[in-house]
Every structure is written in C-alpha cells, then in structure tokens.
$ cat input_22.cif   # mmCIF, N, CA, C and O atoms
data_work
#
loop_
_atom_site.label_atom_id
_atom_site.label_comp_id
_atom_site.auth_asym_id
_atom_site.auth_seq_id
_atom_site.Cartn_x
_atom_site.Cartn_y
_atom_site.Cartn_z
N MET A 1 -10.51 160.87 109.99
CA MET A 1 -10.37 162.25 109.57
C MET A 1 -11.19 163.14 110.49
O MET A 1 -12.28 162.78 110.88
N SER A 2 -10.67 164.31 110.82
CA SER A 2 -11.49 165.21 111.61
C SER A 2 -12.37 166.05 110.69
O SER A 2 -11.98 166.39 109.59
N ARG A 3 -13.52 166.28 111.17
CA ARG A 3 -14.49 167.04 110.40
C ARG A 3 -14.80 168.34 111.13
O ARG A 3 -14.71 168.38 112.36
N PRO A 4 -15.17 169.38 110.39
CA PRO A 4 -15.53 170.62 111.07
C PRO A 4 -16.66 170.38 112.06
O PRO A 4 -17.64 169.71 111.78
N GLY A 5 -16.49 170.92 113.25
CA GLY A 5 -17.50 170.76 114.28
C GLY A 5 -17.37 169.48 115.09
O GLY A 5 -18.11 169.27 116.03
N ASP A 6 -16.41 168.63 114.78
CA ASP A 6 -16.21 167.38 115.50
C ASP A 6 -15.33 167.66 116.72
O ASP A 6 -14.13 167.80 116.61
N THR A 7 -15.95 167.77 117.89
CA THR A 7 -15.20 168.14 119.10
C THR A 7 -14.69 166.93 119.86
O THR A 7 -13.81 167.07 120.70
N ASN A 8 -15.20 165.76 119.60
CA ASN A 8 -14.79 164.56 120.32
C ASN A 8 -13.93 163.65 119.46
O ASN A 8 -14.02 162.44 119.54
N HIS A 9 -13.09 164.24 118.64
CA HIS A 9 -12.27 163.44 117.73
C HIS A 9 -11.13 162.77 118.48
O HIS A 9 -10.41 163.42 119.23
N GLN A 10 -10.96 161.49 118.28
CA GLN A 10 -9.85 160.74 118.85
C GLN A 10 -8.94 160.27 117.73
O GLN A 10 -9.43 159.88 116.67
N PRO A 11 -7.62 160.27 117.94
CA PRO A 11 -6.73 159.79 116.88
C PRO A 11 -6.97 158.31 116.60
O PRO A 11 -7.28 157.54 117.50
N THR A 12 -6.83 157.93 115.35
CA THR A 12 -7.01 156.53 114.99
C THR A 12 -5.76 155.74 115.33
O THR A 12 -4.68 156.30 115.45
N GLY A 13 -5.90 154.45 115.46
CA GLY A 13 -4.78 153.60 115.85
C GLY A 13 -3.67 153.54 114.83
O GLY A 13 -2.52 153.28 115.16
N GLU A 14 -3.98 153.80 113.58
CA GLU A 14 -2.96 153.67 112.55
C GLU A 14 -1.89 154.75 112.63
O GLU A 14 -0.81 154.58 112.12
N HIS A 15 -2.18 155.87 113.30
CA HIS A 15 -1.21 156.95 113.39
C HIS A 15 -0.66 157.12 114.80
O HIS A 15 0.09 158.06 115.05
N LEU A 16 -1.03 156.26 115.71
CA LEU A 16 -0.58 156.40 117.09
C LEU A 16 0.93 156.25 117.23
O LEU A 16 1.50 156.75 118.20
N VAL A 17 1.58 155.61 116.29
CA VAL A 17 3.03 155.45 116.37
C VAL A 17 3.73 156.81 116.31
O VAL A 17 4.71 157.04 117.01
N PHE A 18 3.21 157.74 115.51
CA PHE A 18 3.81 159.07 115.43
C PHE A 18 3.61 159.84 116.74
O PHE A 18 4.50 160.56 117.18
N ILE A 19 2.44 159.67 117.35
CA ILE A 19 2.17 160.33 118.63
C ILE A 19 3.10 159.76 119.69
O ILE A 19 3.72 160.51 120.45
N ALA A 20 3.21 158.44 119.74
CA ALA A 20 4.05 157.80 120.75
C ALA A 20 5.52 158.19 120.58
O ALA A 20 6.20 158.52 121.56
N LEU A 21 6.01 158.19 119.34
CA LEU A 21 7.40 158.58 119.11
C LEU A 21 7.64 160.04 119.44
O LEU A 21 8.65 160.40 120.06
N GLY A 22 6.71 160.91 119.03
CA GLY A 22 6.87 162.34 119.29
C GLY A 22 6.90 162.65 120.77
O GLY A 22 7.77 163.37 121.26
N ILE A 23 5.94 162.10 121.51
CA ILE A 23 5.90 162.35 122.94
C ILE A 23 7.09 161.69 123.63
O ILE A 23 7.67 162.25 124.56
N GLY A 24 7.48 160.51 123.15
CA GLY A 24 8.64 159.84 123.73
C GLY A 24 9.92 160.65 123.55
O GLY A 24 10.72 160.76 124.49
N VAL A 25 10.11 161.24 122.39
CA VAL A 25 11.29 162.07 122.15
C VAL A 25 11.24 163.31 123.05
O VAL A 25 12.27 163.71 123.62
N GLU A 26 10.06 163.91 123.21
CA GLU A 26 9.94 165.07 124.08
C GLU A 26 10.27 164.74 125.53
O GLU A 26 11.00 165.47 126.19
N VAL A 27 9.74 163.63 126.02
CA VAL A 27 10.00 163.23 127.41
C VAL A 27 11.48 162.91 127.60
O VAL A 27 12.10 163.32 128.59
N PHE A 28 12.07 162.18 126.64
CA PHE A 28 13.49 161.85 126.72
C PHE A 28 14.34 163.12 126.75
O PHE A 28 15.26 163.25 127.56
N ALA A 29 14.04 164.08 125.85
CA ALA A 29 14.82 165.30 125.78
C ALA A 29 14.71 166.11 127.06
O ALA A 29 15.71 166.63 127.58
N ALA A 30 13.48 166.22 127.59
CA ALA A 30 13.29 166.99 128.82
C ALA A 30 14.00 166.33 130.00
O ALA A 30 14.66 167.01 130.79
N ALA A 31 13.89 165.01 130.11
CA ALA A 31 14.55 164.31 131.21
C ALA A 31 16.07 164.41 131.09
O ALA A 31 16.77 164.63 132.09
N ALA A 32 16.60 164.27 129.88
CA ALA A 32 18.05 164.36 129.69
C ALA A 32 18.56 165.77 129.98
O ALA A 32 19.65 165.94 130.52
N LEU A 33 17.78 166.78 129.64
CA LEU A 33 18.18 168.16 129.94
C LEU A 33 18.17 168.41 131.44
O LEU A 33 19.10 169.00 132.00
N LEU A 34 17.10 167.96 132.10
CA LEU A 34 16.99 168.19 133.54
C LEU A 34 18.05 167.45 134.34
O LEU A 34 18.46 167.91 135.40
N THR A 35 18.51 166.31 133.86
CA THR A 35 19.56 165.57 134.56
C THR A 35 20.96 165.99 134.11
O THR A 35 21.94 165.49 134.63
N GLY A 36 21.04 166.89 133.15
CA GLY A 36 22.34 167.40 132.71
C GLY A 36 23.09 166.50 131.75
O GLY A 36 24.29 166.64 131.57
N ARG A 37 22.41 165.57 131.12
CA ARG A 37 23.08 164.64 130.20
C ARG A 37 23.29 165.21 128.81
O ARG A 37 24.20 164.78 128.11
N ILE A 38 22.44 166.15 128.39
CA ILE A 38 22.61 166.77 127.08
C ILE A 38 22.47 168.29 127.24
O ILE A 38 21.77 168.76 128.13
N PRO A 39 23.13 169.06 126.37
CA PRO A 39 23.02 170.52 126.47
C PRO A 39 21.69 171.03 125.92
O PRO A 39 20.95 170.30 125.25
N HIS A 40 21.43 172.29 126.19
CA HIS A 40 20.18 172.90 125.77
C HIS A 40 20.01 172.88 124.26
O HIS A 40 18.90 172.67 123.76
N SER A 41 21.09 173.09 123.52
CA SER A 41 20.96 173.11 122.05
C SER A 41 20.53 171.75 121.51
O SER A 41 19.73 171.68 120.58
N THR A 42 21.02 170.68 122.09
CA THR A 42 20.60 169.35 121.66
C THR A 42 19.14 169.11 122.00
O THR A 42 18.41 168.48 121.22
N THR A 43 18.71 169.62 123.14
CA THR A 43 17.31 169.48 123.54
C THR A 43 16.39 170.17 122.54
O THR A 43 15.36 169.61 122.15
N THR A 44 16.77 171.37 122.09
CA THR A 44 15.91 172.05 121.13
C THR A 44 15.87 171.30 119.80
O THR A 44 14.84 171.26 119.14
N GLY A 45 16.98 170.68 119.41
CA GLY A 45 16.97 169.85 118.20
C GLY A 45 16.04 168.65 118.33
O GLY A 45 15.29 168.33 117.41
N LEU A 46 16.06 168.02 119.50
CA LEU A 46 15.17 166.88 119.73
C LEU A 46 13.71 167.32 119.79
O LEU A 46 12.83 166.60 119.31
N PHE A 47 13.44 168.48 120.36
CA PHE A 47 12.08 169.00 120.35
C PHE A 47 11.62 169.27 118.92
O PHE A 47 10.44 169.08 118.59
N GLY A 48 12.53 169.71 118.06
CA GLY A 48 12.20 169.90 116.65
C GLY A 48 11.81 168.60 115.99
O GLY A 48 10.84 168.53 115.22
N VAL A 49 12.55 167.54 116.29
CA VAL A 49 12.23 166.22 115.74
C VAL A 49 10.86 165.76 116.23
O VAL A 49 10.06 165.22 115.47
N ALA A 50 10.58 165.99 117.52
CA ALA A 50 9.29 165.60 118.08
C ALA A 50 8.15 166.37 117.39
O ALA A 50 7.10 165.79 117.09
N CYS A 51 8.37 167.65 117.12
CA CYS A 51 7.34 168.44 116.43
C CYS A 51 7.09 167.93 115.02
O CYS A 51 5.96 167.92 114.55
N VAL A 52 8.15 167.49 114.35
CA VAL A 52 7.98 166.92 113.01
C VAL A 52 7.14 165.65 113.08
O VAL A 52 6.21 165.45 112.28
N LEU A 53 7.44 164.78 114.04
CA LEU A 53 6.68 163.54 114.18
C LEU A 53 5.21 163.81 114.49
O LEU A 53 4.31 163.19 113.90
N LEU A 54 4.96 164.73 115.40
CA LEU A 54 3.57 165.06 115.74
C LEU A 54 2.88 165.75 114.57
O LEU A 54 1.69 165.54 114.33
N GLY A 55 3.61 166.55 113.82
CA GLY A 55 3.03 167.20 112.65
C GLY A 55 2.65 166.21 111.57
O GLY A 55 1.62 166.37 110.90
N ILE A 56 3.46 165.17 111.39
CA ILE A 56 3.13 164.13 110.41
C ILE A 56 1.82 163.45 110.81
O ILE A 56 0.94 163.23 109.97
N GLU A 57 1.68 163.14 112.09
CA GLU A 57 0.46 162.49 112.55
C GLU A 57 -0.76 163.39 112.31
O GLU A 57 -1.79 162.94 111.85
N ARG A 58 -0.59 164.66 112.58
CA ARG A 58 -1.73 165.56 112.42
C ARG A 58 -2.06 165.80 110.96
O ARG A 58 -3.22 165.99 110.61
N LEU A 59 -1.05 165.77 110.10
CA LEU A 59 -1.33 165.87 108.66
C LEU A 59 -2.09 164.64 108.17
O LEU A 59 -3.05 164.76 107.42
N LEU A 60 -1.65 163.46 108.60
CA LEU A 60 -2.32 162.23 108.19
C LEU A 60 -3.74 162.16 108.75
O LEU A 60 -4.62 161.55 108.15
N ASP A 61 -3.94 162.81 109.89
CA ASP A 61 -5.24 162.79 110.53
C ASP A 61 -6.17 163.86 109.99
O ASP A 61 -7.36 163.87 110.28
N GLY A 62 -5.64 164.80 109.22
CA GLY A 62 -6.46 165.83 108.63
C GLY A 62 -6.55 167.12 109.43
O GLY A 62 -7.34 168.00 109.11
N SER A 63 -5.76 167.26 110.47
CA SER A 63 -5.76 168.47 111.28
C SER A 63 -4.72 169.45 110.73
O SER A 63 -3.62 169.56 111.24
N ASP A 64 -5.11 170.16 109.68
CA ASP A 64 -4.15 171.02 108.97
C ASP A 64 -3.64 172.17 109.82
O ASP A 64 -2.47 172.54 109.73
N VAL A 65 -4.50 172.75 110.66
CA VAL A 65 -4.08 173.88 111.48
C VAL A 65 -3.03 173.43 112.50
O VAL A 65 -2.00 174.08 112.67
N TRP A 66 -3.29 172.30 113.15
CA TRP A 66 -2.32 171.81 114.13
C TRP A 66 -1.04 171.35 113.45
O TRP A 66 0.05 171.48 114.03
N ALA A 67 -1.14 170.83 112.25
CA ALA A 67 0.07 170.47 111.51
C ALA A 67 0.90 171.70 111.19
O ALA A 67 2.13 171.68 111.28
N ALA A 68 0.24 172.80 110.85
CA ALA A 68 0.96 174.04 110.58
C ALA A 68 1.61 174.59 111.85
O ALA A 68 2.74 175.10 111.81
N ILE A 69 0.92 174.47 112.97
CA ILE A 69 1.50 174.90 114.25
C ILE A 69 2.72 174.05 114.58
O ILE A 69 3.76 174.57 115.01
N ASP A 70 2.63 172.73 114.39
CA ASP A 70 3.77 171.86 114.64
C ASP A 70 4.93 172.18 113.71
O ASP A 70 6.09 172.14 114.12
N ALA A 71 4.64 172.49 112.45
CA ALA A 71 5.70 172.85 111.51
C ALA A 71 6.40 174.14 111.94
O ALA A 71 7.63 174.26 111.85
N THR A 72 5.62 175.10 112.44
CA THR A 72 6.20 176.36 112.91
C THR A 72 7.08 176.11 114.13
O THR A 72 8.19 176.65 114.22
N LEU A 73 6.59 175.30 115.07
CA LEU A 73 7.39 174.98 116.26
C LEU A 73 8.65 174.20 115.89
O LEU A 73 9.71 174.42 116.48
N ALA A 74 8.55 173.30 114.92
CA ALA A 74 9.73 172.56 114.48
C ALA A 74 10.76 173.51 113.87
O ALA A 74 11.96 173.41 114.17
N ALA A 75 10.30 174.43 113.02
CA ALA A 75 11.23 175.39 112.41
C ALA A 75 11.90 176.25 113.48
O ALA A 75 13.11 176.50 113.41
N TYR A 76 11.13 176.70 114.46
CA TYR A 76 11.70 177.51 115.54
C TYR A 76 12.73 176.71 116.33
O TYR A 76 13.83 177.20 116.62
N ASN A 77 12.39 175.45 116.68
CA ASN A 77 13.33 174.63 117.44
C ASN A 77 14.59 174.31 116.65
O ASN A 77 15.69 174.33 117.20
N PHE A 78 14.45 174.02 115.36
CA PHE A 78 15.63 173.76 114.55
C PHE A 78 16.48 175.02 114.39
O PHE A 78 17.71 174.94 114.35
N HIS A 79 15.83 176.18 114.30
CA HIS A 79 16.58 177.44 114.23
C HIS A 79 17.36 177.64 115.52
O HIS A 79 18.55 178.00 115.49
N GLN A 80 16.73 177.41 116.66
CA GLN A 80 17.41 177.55 117.95
C GLN A 80 18.56 176.55 118.07
O GLN A 80 19.62 176.86 118.60
N TRP A 81 18.35 175.33 117.59
CA TRP A 81 19.39 174.31 117.63
C TRP A 81 20.58 174.73 116.76
O TRP A 81 21.72 174.65 117.18
N TRP A 82 20.28 175.20 115.55
CA TRP A 82 21.34 175.55 114.60
C TRP A 82 22.17 176.71 115.11
O TRP A 82 23.40 176.70 115.04
N HIS A 83 21.52 177.74 115.64
CA HIS A 83 22.23 178.93 116.08
C HIS A 83 22.67 178.86 117.54
O HIS A 83 23.41 179.73 117.99
N GLY A 84 22.23 177.84 118.25
CA GLY A 84 22.61 177.70 119.64
C GLY A 84 23.84 176.84 119.84
O GLY A 84 24.16 176.47 120.96
N GLY A 85 24.50 176.47 118.78
CA GLY A 85 25.71 175.68 118.90
C GLY A 85 25.53 174.22 118.55
O GLY A 85 26.51 173.48 118.47
N GLY A 86 24.30 173.79 118.33
CA GLY A 86 24.08 172.38 118.04
C GLY A 86 24.39 171.98 116.62
O GLY A 86 24.57 170.82 116.32
N GLY A 87 24.47 172.95 115.73
CA GLY A 87 24.68 172.61 114.33
C GLY A 87 26.12 172.65 113.88
O GLY A 87 26.40 172.66 112.68
N GLY A 88 27.06 172.68 114.81
CA GLY A 88 28.48 172.80 114.46
C GLY A 88 28.99 171.67 113.58
O GLY A 88 29.61 171.89 112.55
N ARG A 89 28.75 170.43 114.00
CA ARG A 89 29.22 169.29 113.20
C ARG A 89 28.47 169.21 111.87
O ARG A 89 29.06 168.85 110.85
N THR A 90 27.20 169.53 111.91
CA THR A 90 26.41 169.51 110.67
C THR A 90 26.94 170.55 109.70
O THR A 90 27.06 170.28 108.50
N ARG A 91 27.29 171.73 110.21
CA ARG A 91 27.86 172.77 109.35
C ARG A 91 29.16 172.30 108.72
O ARG A 91 29.41 172.54 107.54
N ARG A 92 30.00 171.65 109.50
CA ARG A 92 31.29 171.16 108.95
C ARG A 92 31.04 170.11 107.87
O ARG A 92 31.72 170.10 106.85
N ARG A 93 30.09 169.22 108.09
CA ARG A 93 29.79 168.21 107.08
C ARG A 93 29.26 168.84 105.80
O ARG A 93 29.64 168.45 104.69
N LEU A 94 28.39 169.84 105.94
CA LEU A 94 27.87 170.52 104.76
C LEU A 94 28.96 171.27 104.02
O LEU A 94 29.00 171.28 102.79
N ARG A 95 29.88 171.88 104.76
CA ARG A 95 31.00 172.58 104.11
C ARG A 95 31.89 171.61 103.36
O ARG A 95 32.38 171.91 102.28
N SER A 96 32.14 170.44 103.96
CA SER A 96 33.01 169.48 103.27
C SER A 96 32.32 168.96 102.01
O SER A 96 32.99 168.74 101.00
N LEU A 97 31.01 168.78 102.04
CA LEU A 97 30.29 168.39 100.83
C LEU A 97 30.36 169.50 99.78
O LEU A 97 30.53 169.23 98.60
N ARG A 98 30.22 170.74 100.23
CA ARG A 98 30.29 171.87 99.32
C ARG A 98 31.67 171.96 98.68
O ARG A 98 31.80 172.23 97.49
N ASN A 99 32.71 171.73 99.45
CA ASN A 99 34.07 171.83 98.92
C ASN A 99 34.38 170.73 97.92
O ASN A 99 35.21 170.94 97.03
N ARG A 100 33.75 169.59 98.05
CA ARG A 100 33.99 168.50 97.10
C ARG A 100 33.26 168.72 95.79
O ARG A 100 33.62 168.14 94.78
N PHE A 101 32.25 169.57 95.79
CA PHE A 101 31.48 169.80 94.58
C PHE A 101 32.27 170.67 93.62
O PHE A 101 32.77 171.72 93.97
N GLN A 102 32.38 170.21 92.41
CA GLN A 102 33.04 170.97 91.35
C GLN A 102 32.04 171.17 90.23
O GLN A 102 31.65 170.21 89.57
N GLY A 103 31.62 172.38 90.05
CA GLY A 103 30.66 172.66 89.00
C GLY A 103 31.30 172.52 87.63
O GLY A 103 32.49 172.80 87.45
N THR A 104 30.55 172.06 86.67
CA THR A 104 31.06 171.96 85.30
C THR A 104 30.32 172.96 84.45
O THR A 104 29.12 173.16 84.60
N ARG A 105 31.06 173.56 83.57
CA ARG A 105 30.46 174.56 82.71
C ARG A 105 29.70 173.86 81.59
O ARG A 105 30.24 173.00 80.90
N ARG A 106 28.45 174.22 81.42
CA ARG A 106 27.62 173.59 80.40
C ARG A 106 27.11 174.67 79.45
O ARG A 106 26.03 175.20 79.62
N THR A 107 27.93 174.95 78.49
CA THR A 107 27.53 175.94 77.49
C THR A 107 27.46 175.28 76.12
O THR A 107 28.10 174.26 75.88
N ALA A 108 26.71 175.87 75.27
CA ALA A 108 26.60 175.34 73.92
C ALA A 108 27.92 175.56 73.18
O ALA A 108 28.61 176.53 73.41
N PRO A 109 28.26 174.62 72.32
CA PRO A 109 29.52 174.80 71.56
C PRO A 109 29.39 176.01 70.62
O PRO A 109 28.35 176.26 70.04
N ALA A 110 30.49 176.73 70.52
CA ALA A 110 30.51 177.93 69.67
C ALA A 110 30.93 177.51 68.26
O ALA A 110 32.10 177.33 67.96
N THR A 111 29.96 177.31 67.40
CA THR A 111 30.26 176.95 66.00
C THR A 111 29.81 178.09 65.11
O THR A 111 28.83 178.78 65.39
N ALA A 112 30.52 178.26 64.02
CA ALA A 112 30.19 179.35 63.11
C ALA A 112 29.35 178.91 61.96
O ALA A 112 29.18 177.87 61.53
#

$ encode --input "input_22.cif" --output "structure tokens"
Amino acid sequence: MSRPGDTNHQPTGEHLVFIALGIGVEVFAAAALLTGRIPHSTTTGLFGVACVLLGIERLLDGSDVWAAIDATLAAYNFHQWWHGGGGGRTRRRLRSLRNRFQGTRRTAPATA
C-alpha cells in the first residue's frame, strides 16, 4: 500500500499482471496503429481497456488519485471509440437486445 509521503513506492509483485497487461495492450495498439493494421477508433478502444487495467492495479495498490486519473482517461478513450465509429457493431447488438425485450405490465389487480 502506498502511504502519504512515500516517494519510493514500488508496485508489489501481486499486481504486476495488471501493469504488464495494460502496458502490453498500449504497446500493441500503438504498434498496430502505426503499421496501419487497425483504425484509430479501435486504437482508442484498446487504450481505454489499458487504462482500465492500469486503474485496477492502482486501486488495488491504494493509489486512489492515479486510479481516478486512469478512470477518467478510460472514459475519454471509450467515448472517442464509441463516437469515432468503433461502436457500430456494439450499437447494433445493443439494439437487437433492446428489440427482443418485451416489458410486462405489473399492476395490482383491480378488485372492489
């Protein structure tokens, strides 16, 4: 856990998997974008996933401020992904789920 005033804090080994996955997703997304393998909207979605992974690690480590910053960056990246064209298939899936939903009326029986 990080403590106030602890400037030499190193992450513990138990949470390094989140750091490794987050940085790995970021490097993969950047390399794929630079080589033209994925579009920009997909890259922002992957950056959002990386921010979530890094935010989880920072929450588990007790760095609440950095976790909040990661959450903000994840929300921004997911917003850019959704409105940048990356959320098209997801929107269609959500609409199809919405169309299958049939609400039932739940009212009390009218007895005299």

$ residues_near_point --input "input_22.cif" --point "(14.4, 171.9, 113.3)" --cutoff "7 Å" --atoms "only C-alpha atoms" --output "VMD selection string"
chain A and resid 45 48 to 49 74 to 79

$ atom_distance --input "input_22.cif" --atom1 "atom O of Trp66 (chain A)" --atom2 "atom O of Gly84 (chain A)"
25.6 Å

$ atom_distance --input "input_22.cif" --atom1 "atom C of Leu94 (chain A)" --atom2 "atom C of Thr44 (chain A)"
20.5 Å

$ closest_residue --input "input_22.cif" --among "A:Thr90, A:Thr72, A:Ser96, A:Gln80" --to "Ser41 (chain A)" --atoms "only C-alpha atoms"
A:Gln80

$ resolve_selection --input "input_22.cif" --expression "the PyMOL selection byres (((chain A and resi 16-22 and name CA) around 7) and name CA)" --output "MDAnalysis selection string"
chainID A and resid 12:15 23:26 50:51 53:54 57

$ atom_distance --input "input_22.cif" --atom1 "CA of Ala71 (chain A)" --atom2 "CA of Val27 (chain A)"
19.1 Å

$ residues_around --input "input_22.cif" --residues "Pro39 (chain A)" --least-positions-apart "4" --cutoff "12 Å" --atoms "only C-alpha atoms" --output "JSON, numbers by chain"
{"A": [29, 30, 31, 32, 33, 34, 35, 43, 44, 45, 46, 81, 84, 85, 86]}

$ select_by_dssp --input "input_22.cif" --residues "chain A" --states "alpha helix (DSSP H)" --output "PyMOL selection string"
chain A and resi 16-34+40-61+64-81+88-100
